[in-house]
Structure formats: C-alpha cells, structure tokens
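**Q** Structure below; questions to follow.
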Amino acid sequence: MSSDAFASPHISVLYHQIILALSPKSPGRYLDATVGAGGHAWGILDASSPHGQLLGLDLDPQALELASQRLAVFGSRVALVQASYTTLLEQLHRLGWPDVQGIVIDLGVSSMQLDTPDRGFSFQAEGPLDMRFSPNQPTTAADLLNRLDEAGLADILWRYGDERLSRRIARAIVQARPLQTTRQLAEVVAKASGGTHQRIHPATRTFQALRIAVNDELGAIEAVLPDAVSALAPGGRLAVISFHSLEDRIVKQFFRRESRDCICPPEQPLCTCQHRASITELTRHPIVADEDEIKTNSRARSSRLRIAEKREMA
Ligand SMILES: C[S@@+](CC[C@H](N)C(=O)[O-])C[C@H]1O[C@@H](n2cnc3c(N)ncnc32)[C@H](O)[C@@H]1O
C-alpha cells in the first residue's frame, strides 16, 4: 500500500520501533489500546496487509473520529471502539477474537488533546479546567481543584507531579478558589512558586498531576498490563510507550516480575510462590527516541518503550 498521506495533528512517537517490535503479519490480529489519531494503527495495518486486522480503542470520541477517517482505507480490517483499555478483554471477547498477535499501548495525552483549549490539558491556552480523556467521565480537574481539601490537593501534586512545592501550591489554590480556567490555575501556581528558578513552566507539574488524577492513569496502567498479557497469543508481543517515570516504573516492575519463575523474597531458601514466568522481557533498558526524532517531535523527548513477548507455555 502507498504511504500514509493523512495530515495528522499528532505525530506518532517511536513509530518505526513499534512496527519493528510487533512485526505485524497477514492474517494476524492486533490491538491498539490507545489508537489516538491512528498513526501506529496505520503502520500495523499496512504491515499486516492484506488480511491483518486491528481493534483500536480510545476513551476520546474526537480521537476515534480522526482515526476512523485515517484508517477508512483499510475497510473492514479495522474496528474502532470508544472504551478504556482496561476493558480490553471484554472488547476482544465481543469481537470473538480469542487472542491477538500484538498489542501497543501508547500512554498519555495526544497533541490534538493538548492543542484543543476546550479540553483544558494545557496551561498555554485559556480553557475550562476539564482534562478528561472521555466526556463520559464524571470528574473534571475543576471538580478536584474546587472540592478537595488542601492536604488532598498537595498529595496529588506531590505523588503525580513530583512537585516539591506541593503544599505551598495547594494552599494558594485553596485560597484562590473557585478556579474555573487553565490560565487562572497557571497564574496561581506561578505566583505560589515565586521566584524559584525553573527550567520548565512552573505549572507543568501541577497540570501533569491533575491530568493523571482526573483519569486515574496509574490505576489504569496497573490494571491493563496483566489483561494485555492474557490477551496475547503465545509468541505475541506487548509494546508500551510511557512518558514519565511513574508510568515507566509500573511497566518495568510488571515486566520484571512476570518474566521470573519465582517471586519469593530473596532471603527465602525455598520457593513457595508457584509463580511462573508468563513473558520474556525483550528490553532490559527502555528504547528511547533518537535526536532526529526529538528534533521533529518534542513529545518524543521523554518517551520510553518497553517490549515483552508472551511465552509459549504461559
Ligand atoms: C499518545 S495518544 C496515542 C496516539 C496514537 N498511538 C497515534 O499513533 O496516533 C494516547 C491516547 O490514549 C488515550 N487514552 C488515555 N487513557 C486511555 C484509556 N484508559 N483507555 C483508552 N484510551 C486511553 C487518549 O485519549 C489518547 O488519545
């Protein structure tokens, strides 16, 4: 097939590495758990021509609309569903797919989401403090900011944003409430951060922390990894791209644990856990973007790709 001519507002990160990792083949079945603008999905469908099939999931209906336009060229080889990847086993069951040969999970937020002020993900444009991946989710960033107590807010900023000034910022937020817009929040955070000299905008960590909390992103990653392994056919591959250390640590620890036959504490002389390795970790160290990719796509700078293969006997 000819190359992907779709002008996408989102450039897929580590695109070639994902296609190499999954090595899609016809007539394999593949799952893109975070289909977004459909960039990785396009590559998987192209490489698995003429009979490869792909299920694409995303929480965001706007992303699915874009993906459906871009992937229309593949006709009935593609199914797109608005759902969380935490329901992937149910979605595969509905399609009657017992397993898949490859799964990609490209975590986090897309450029479309960041660049749409109405979604409230960015402090660089004025918009409502929303930050939900799906409009069906009940809690927005404004709800958290205006309802949580100071300690609860500080905890979110500290745990999900690694924000050193979490308490000071939480206090300033509580004093400035109610907060309704991204600019209001960015200003409160900038003021609370005072003259501290920072390499990045002072609101960066607060916005990241709120987004993670609104969407329970870390809980979702913890939940999806075992299901993804169980959805893979023996020899099938799971590729996960993360964008910050909290996500990457969850993936790394899961891959380490699941690639070992015994997970008893090291001081225990005899194994009692009966744990059996279900995967082989193919990336001891994560794959990162090279300078050329970072030059054309700054989002790639913090990306980390880890790949695992399901064992034959798992
Ligand atoms: C970085 S983008 C994916 C881009 C895509 N790989 C591409 O090549 O165009 C991440 C996507 O994951 C989606 N997402 C986040 N959490 C999700 C979840 N729990 N279930 C499904 N999709 C989710 C977001 O809405 C966003 O569209």
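Naming scheme: A, B, ... for chains in displayed order of the structure tokens; residues 1 onward per chain; ligands 1 onward as shown.
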Could you give me, as a ChimeraX atom specification, every polymer residue with an atom at most 7 Å away from an atom of ligand 1, counting only C-alpha atoms and all ligand atoms?

**A** /A:10-13,33-41,57-60,63,83-86,106-110,133,217,220

**Q** Determine, counting only C-alpha atoms, which protein, DNA and RNA residues have an atom within 8 Å of an atom of stretch 74-82 of chain A; residues of the same chain fewer than 3 positions away are not included. Present the result as a list in words.

**A**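 Contacts, with the query itself left out: Leu45, His51, Gly52, Gln53, Leu54, Leu55, Gly56, Leu57, Asp58, Leu59, Asp60, Pro61, Leu64, Ser68 and Leu71 of chain A.
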
**Q** Write down as a VMD selection string the residues belonging to stretch 48-214 of chain A that are assigned alpha helix (DSSP H) by DSSP computed on the backbone.

**A** chain A and resid 61 to 71 88 to 95 111 to 115 141 to 147 150 to 161 166 to 176 182 to 193 204 to 214

**Q** Could you build a table of the residues in stretch 57-147 of chain A lying no more than 12 Å from stretch 231-238 of chain A, giving for each the nearest pair of atoms and their separation in Å rounded to one decimal place, using only C-alpha atoms, ordered by chain and ascending residue number, as a tab-separated table?

**A**
```
residue	atom	partner	partner_atom	distance
A:Tyr85	CA	A:Ala231	CA	11.9
A:Thr86	CA	A:Ala231	CA	11.9
A:Thr87	CA	A:Ala231	CA	11.3
A:Leu88	CA	A:Ala231	CA	8.2
A:Leu89	CA	A:Ala231	CA	6.6
A:Glu90	CA	A:Ala231	CA	10.2
A:Gln91	CA	A:Ala231	CA	10.7
A:Leu92	CA	A:Ala231	CA	8.2
A:His93	CA	A:Ala231	CA	9.8
A:Trp97	CA	A:Ala231	CA	9.2
A:Pro98	CA	A:Ala231	CA	7.5
A:Asp99	CA	A:Ala231	CA	5.1
A:Val100	CA	A:Leu232	CA	5.1
A:Gln101	CA	A:Gly236	CA	4.4
A:Gly102	CA	A:Arg237	CA	4.7
A:Ile103	CA	A:Leu238	CA	4.9
A:Val104	CA	A:Leu238	CA	6.1
A:Ile105	CA	A:Leu238	CA	7.9
A:Asp106	CA	A:Leu238	CA	11.0
```

**Q** Quick one: residues within 12 Å of A:Asp149, only C-alpha atoms counted, chain neighbours fewer than 6 positions away excluded, as a PyMOL selection string?

**A** chain A and resi 143+155-156+167+170-175+177

**Q** Counting only C-alpha atoms, which of A:Ala142, A:Leu305, A:Leu179, A:Ala154 gets nearest to A:Ser242?

**A**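 Distance minimum relative to A:Ser242 lands on A:Leu305.
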
**Q** Tell me which protein, DNA and RNA residues are within 10 Å of A:Leu114, counting only C-alpha atoms, leaving out same-chain ones fewer than 5 positions away, and put them as a PDB file with all heavy atoms, in the first residue's frame.

**A**
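Below you can see result.pdb, which holds the result:
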```pdb
ATOM      1  N   HIS A  10      -1.195  14.841  15.139  1.00  0.00           N
ATOM      2  CA  HIS A  10      -0.385  14.139  16.144  1.00  0.00           C
ATOM      3  C   HIS A  10       0.654  13.279  15.444  1.00  0.00           C
ATOM      4  O   HIS A  10       0.310  12.447  14.600  1.00  0.00           O
ATOM      5  CB  HIS A  10      -1.293  13.250  17.006  1.00  0.00           C
ATOM      6  CG  HIS A  10      -0.540  12.416  18.004  1.00  0.00           C
ATOM      7  ND1 HIS A  10      -0.276  12.850  19.279  1.00  0.00           N
ATOM      8  CD2 HIS A  10       0.016  11.187  17.900  1.00  0.00           C
ATOM      9  CE1 HIS A  10       0.393  11.912  19.921  1.00  0.00           C
ATOM     10  NE2 HIS A  10       0.591  10.894  19.110  1.00  0.00           N
ATOM     11  N   VAL A 109      -1.223  11.699  26.731  1.00  0.00           N
ATOM     12  CA  VAL A 109      -2.097  12.658  26.068  1.00  0.00           C
ATOM     13  C   VAL A 109      -1.598  12.875  24.643  1.00  0.00           C
ATOM     14  O   VAL A 109      -0.397  12.780  24.381  1.00  0.00           O
ATOM     15  CB  VAL A 109      -2.112  13.961  26.916  1.00  0.00           C
ATOM     16  CG1 VAL A 109      -0.788  14.654  26.918  1.00  0.00           C
ATOM     17  CG2 VAL A 109      -3.201  14.900  26.536  1.00  0.00           C
ATOM     18  N   ARG A 119     -10.297  21.364  25.893  1.00  0.00           N
ATOM     19  CA  ARG A 119     -10.100  20.145  26.673  1.00  0.00           C
ATOM     20  C   ARG A 119      -9.405  20.432  28.018  1.00  0.00           C
ATOM     21  O   ARG A 119      -9.399  19.594  28.906  1.00  0.00           O
ATOM     22  CB  ARG A 119      -9.254  19.124  25.878  1.00  0.00           C
ATOM     23  CG  ARG A 119      -9.823  18.751  24.516  1.00  0.00           C
ATOM     24  CD  ARG A 119     -11.152  18.054  24.626  1.00  0.00           C
ATOM     25  NE  ARG A 119     -11.066  16.797  25.338  1.00  0.00           N
ATOM     26  CZ  ARG A 119     -10.802  15.622  24.783  1.00  0.00           C
ATOM     27  NH1 ARG A 119     -10.599  15.556  23.483  1.00  0.00           N
ATOM     28  NH2 ARG A 119     -10.767  14.523  25.515  1.00  0.00           N
ATOM     29  N   GLY A 120      -8.775  21.593  28.100  1.00  0.00           N
ATOM     30  CA  GLY A 120      -8.210  22.022  29.383  1.00  0.00           C
ATOM     31  C   GLY A 120      -6.922  21.331  29.789  1.00  0.00           C
ATOM     32  O   GLY A 120      -6.533  21.386  30.958  1.00  0.00           O
ATOM     33  N   PHE A 121      -6.213  20.680  28.833  1.00  0.00           N
ATOM     34  CA  PHE A 121      -4.989  19.969  29.188  1.00  0.00           C
ATOM     35  C   PHE A 121      -3.772  20.893  29.282  1.00  0.00           C
ATOM     36  O   PHE A 121      -2.768  20.534  29.867  1.00  0.00           O
ATOM     37  CB  PHE A 121      -4.657  18.884  28.150  1.00  0.00           C
ATOM     38  CG  PHE A 121      -5.551  17.672  28.226  1.00  0.00           C
ATOM     39  CD1 PHE A 121      -6.510  17.430  27.262  1.00  0.00           C
ATOM     40  CD2 PHE A 121      -5.416  16.763  29.266  1.00  0.00           C
ATOM     41  CE1 PHE A 121      -7.323  16.307  27.328  1.00  0.00           C
ATOM     42  CE2 PHE A 121      -6.221  15.641  29.353  1.00  0.00           C
ATOM     43  CZ  PHE A 121      -7.182  15.410  28.375  1.00  0.00           C
ATOM     44  N   SER A 122      -3.854  22.061  28.630  1.00  0.00           N
ATOM     45  CA  SER A 122      -2.656  22.892  28.502  1.00  0.00           C
ATOM     46  C   SER A 122      -2.799  24.212  29.254  1.00  0.00           C
ATOM     47  O   SER A 122      -3.861  24.847  29.218  1.00  0.00           O
ATOM     48  CB  SER A 122      -2.400  23.166  27.019  1.00  0.00           C
ATOM     49  OG  SER A 122      -1.399  24.135  26.886  1.00  0.00           O
ATOM     50  N   PHE A 123      -1.701  24.629  29.892  1.00  0.00           N
ATOM     51  CA  PHE A 123      -1.717  25.935  30.568  1.00  0.00           C
ATOM     52  C   PHE A 123      -1.365  27.046  29.601  1.00  0.00           C
ATOM     53  O   PHE A 123      -1.348  28.208  29.947  1.00  0.00           O
ATOM     54  CB  PHE A 123      -0.761  25.944  31.769  1.00  0.00           C
ATOM     55  CG  PHE A 123       0.618  25.445  31.434  1.00  0.00           C
ATOM     56  CD1 PHE A 123       1.529  26.258  30.805  1.00  0.00           C
ATOM     57  CD2 PHE A 123       0.974  24.136  31.746  1.00  0.00           C
ATOM     58  CE1 PHE A 123       2.792  25.799  30.481  1.00  0.00           C
ATOM     59  CE2 PHE A 123       2.230  23.657  31.433  1.00  0.00           C
ATOM     60  CZ  PHE A 123       3.147  24.489  30.786  1.00  0.00           C
ATOM     61  N   GLN A 124      -1.081  26.658  28.343  1.00  0.00           N
ATOM     62  CA  GLN A 124      -0.650  27.689  27.400  1.00  0.00           C
ATOM     63  C   GLN A 124      -1.810  28.379  26.682  1.00  0.00           C
ATOM     64  O   GLN A 124      -1.610  29.328  25.947  1.00  0.00           O
ATOM     65  CB  GLN A 124       0.319  27.077  26.386  1.00  0.00           C
ATOM     66  CG  GLN A 124       1.686  26.952  27.031  1.00  0.00           C
ATOM     67  CD  GLN A 124       2.635  26.088  26.270  1.00  0.00           C
ATOM     68  OE1 GLN A 124       2.230  25.384  25.345  1.00  0.00           O
ATOM     69  NE2 GLN A 124       3.885  26.103  26.647  1.00  0.00           N
ATOM     70  N   ALA A 125      -3.019  27.850  26.846  1.00  0.00           N
ATOM     71  CA  ALA A 125      -4.178  28.489  26.216  1.00  0.00           C
ATOM     72  C   ALA A 125      -5.306  28.520  27.237  1.00  0.00           C
ATOM     73  O   ALA A 125      -5.367  27.669  28.118  1.00  0.00           O
ATOM     74  CB  ALA A 125      -4.603  27.689  24.994  1.00  0.00           C
ATOM     75  N   MET A 131      -9.737  18.317  31.385  1.00  0.00           N
ATOM     76  CA  MET A 131      -8.667  17.290  31.416  1.00  0.00           C
ATOM     77  C   MET A 131      -9.163  15.849  31.385  1.00  0.00           C
ATOM     78  O   MET A 131      -8.388  14.928  31.656  1.00  0.00           O
ATOM     79  CB  MET A 131      -7.741  17.436  32.635  1.00  0.00           C
ATOM     80  CG  MET A 131      -7.045  18.767  32.732  1.00  0.00           C
ATOM     81  SD  MET A 131      -5.655  18.683  33.893  1.00  0.00           S
ATOM     82  CE  MET A 131      -5.347  20.414  34.159  1.00  0.00           C
TER      83      MET A 131
END
```

**Q** Looking at A:Ser303, A:Ser49, A:Ser278, A:Ser298, which one is nearest to A:Ala228, with distances taken over only C-alpha atoms?

**A**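 Distance minimum relative to A:Ala228 lands on A:Ser278.
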
**Q** So which one's closest to A:Pro202, A:Arg301, A:Arg164, A:Arg159, A:His285? Using only C-alpha atoms, please.

**A**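 Using only C-alpha atoms, the shortest distance to A:Pro202 belongs to A:Arg164.
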
**Q** Assign secondary structure with DSSP using the backbone only, and return the residues of stretch 90-296 of chain A in strand (DSSP E) as a list of chain:residue names.

**A**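 Residues meeting the strand (DSSP E) criterion: A:Val100, A:Gln101, A:Gly102, A:Ile103, A:Val104, A:Ile105, A:Asp106, A:Leu232, A:Ala233, A:Pro234, A:Gly235, A:Gly236, A:Arg237, A:Leu238, A:Ala239, A:Val240, A:Ile241, A:Ser242, A:Ile279, A:Thr280, A:Glu281.
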
**Q** Just checking: using only C-alpha atoms, which residue out of A:His201, A:Arg306, A:Arg70, A:His16 ends up closest to A:Asp4?

**A**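 Of all the options, A:Arg70 lies closest to A:Asp4.
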
**Q** Could you check which of A:Ile307, A:Ile294, A:Cys264, A:Leu148 is closest to A:Asp248, using only C-alpha atoms?

**A** A:Ile307

**Q** Set the distance at 12 Å and use only C-alpha atoms: which residues neighbour A:Tyr160 once local chain neighbours fewer than 6 positions away are removed? I'd like the list as a CSV table (one decimal) with N, CA and C atoms, in the first residue's frame.

**A**
```csv
chain,number,residue,atom,x,y,z
A,153,LEU,N,-5.1,17.9,47.9
A,153,LEU,CA,-4.5,18.5,46.7
A,153,LEU,C,-3.0,18.4,46.7
A,154,ALA,N,-2.4,18.7,47.9
A,154,ALA,CA,-0.9,18.6,48.0
A,154,ALA,C,-0.5,17.2,47.7
A,166,SER,N,4.5,21.3,46.6
A,166,SER,CA,3.1,20.9,46.6
A,166,SER,C,2.3,21.6,47.7
A,204,THR,N,3.8,23.3,34.9
A,204,THR,CA,3.9,22.0,34.2
A,204,THR,C,3.5,20.8,35.1
A,205,ARG,N,4.2,20.7,36.2
A,205,ARG,CA,4.0,19.6,37.1
A,205,ARG,C,2.6,19.5,37.7
A,206,THR,N,2.0,20.7,38.0
A,206,THR,CA,0.6,20.7,38.5
A,206,THR,C,-0.3,20.2,37.5
A,207,PHE,N,-0.2,20.6,36.2
A,207,PHE,CA,-1.1,20.1,35.1
A,207,PHE,C,-0.9,18.6,34.9
A,208,GLN,N,0.3,18.2,34.9
A,208,GLN,CA,0.5,16.7,34.7
A,208,GLN,C,-0.2,15.9,35.9
A,209,ALA,N,0.0,16.4,37.1
A,209,ALA,CA,-0.5,15.7,38.3
A,209,ALA,C,-2.0,15.6,38.2
A,210,LEU,N,-2.6,16.8,37.9
A,210,LEU,CA,-4.1,16.8,37.8
A,210,LEU,C,-4.6,15.9,36.7
A,211,ARG,N,-4.0,15.9,35.6
A,211,ARG,CA,-4.4,15.0,34.5
A,211,ARG,C,-4.4,13.5,34.9
A,212,ILE,N,-3.3,13.2,35.6
A,212,ILE,CA,-3.1,11.8,36.0
A,212,ILE,C,-4.2,11.4,37.0
A,213,ALA,N,-4.5,12.4,37.9
A,213,ALA,CA,-5.5,12.1,38.9
A,213,ALA,C,-6.9,12.0,38.3
A,214,VAL,N,-7.2,13.0,37.4
A,214,VAL,CA,-8.6,13.0,36.8
A,214,VAL,C,-8.9,11.7,36.1
A,215,ASN,N,-7.9,11.2,35.4
A,215,ASN,CA,-8.1,10.0,34.6
A,215,ASN,C,-7.6,8.7,35.2
A,216,ASP,N,-7.2,8.8,36.5
A,216,ASP,CA,-6.7,7.6,37.2
A,216,ASP,C,-5.7,6.8,36.3
A,217,GLU,N,-4.8,7.6,35.7
A,217,GLU,CA,-3.9,7.0,34.7
A,217,GLU,C,-3.0,5.8,35.3
A,218,LEU,N,-2.5,6.0,36.5
A,218,LEU,CA,-1.6,5.0,37.0
A,218,LEU,C,-2.4,3.7,37.4
A,219,GLY,N,-3.6,3.9,37.9
A,219,GLY,CA,-4.5,2.7,38.2
A,219,GLY,C,-4.8,2.0,36.9
A,244,HIS,N,6.5,9.3,31.5
A,244,HIS,CA,7.2,9.8,32.7
A,244,HIS,C,7.5,8.6,33.6
A,245,SER,N,8.3,8.9,34.6
A,245,SER,CA,8.9,7.9,35.3
A,245,SER,C,7.9,7.1,36.1
A,246,LEU,N,6.8,7.7,36.5
A,246,LEU,CA,5.8,6.9,37.3
A,246,LEU,C,5.2,5.8,36.4
A,247,GLU,N,4.9,6.2,35.2
A,247,GLU,CA,4.3,5.1,34.3
A,247,GLU,C,5.4,4.1,34.0
```

**Q** Measure the distance from atom CA of A:Lys310 to atom CA of A:Ala223 in Å and round it to one decimal.

**A**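 The value is 17.6 Å.
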
**Q** In Å, how far is it from atom CA of A:Leu157 to atom CA of A:Ile200?

**A**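 For atom CA of A:Leu157 relative to atom CA of A:Ile200, the distance reads 15.8 Å.
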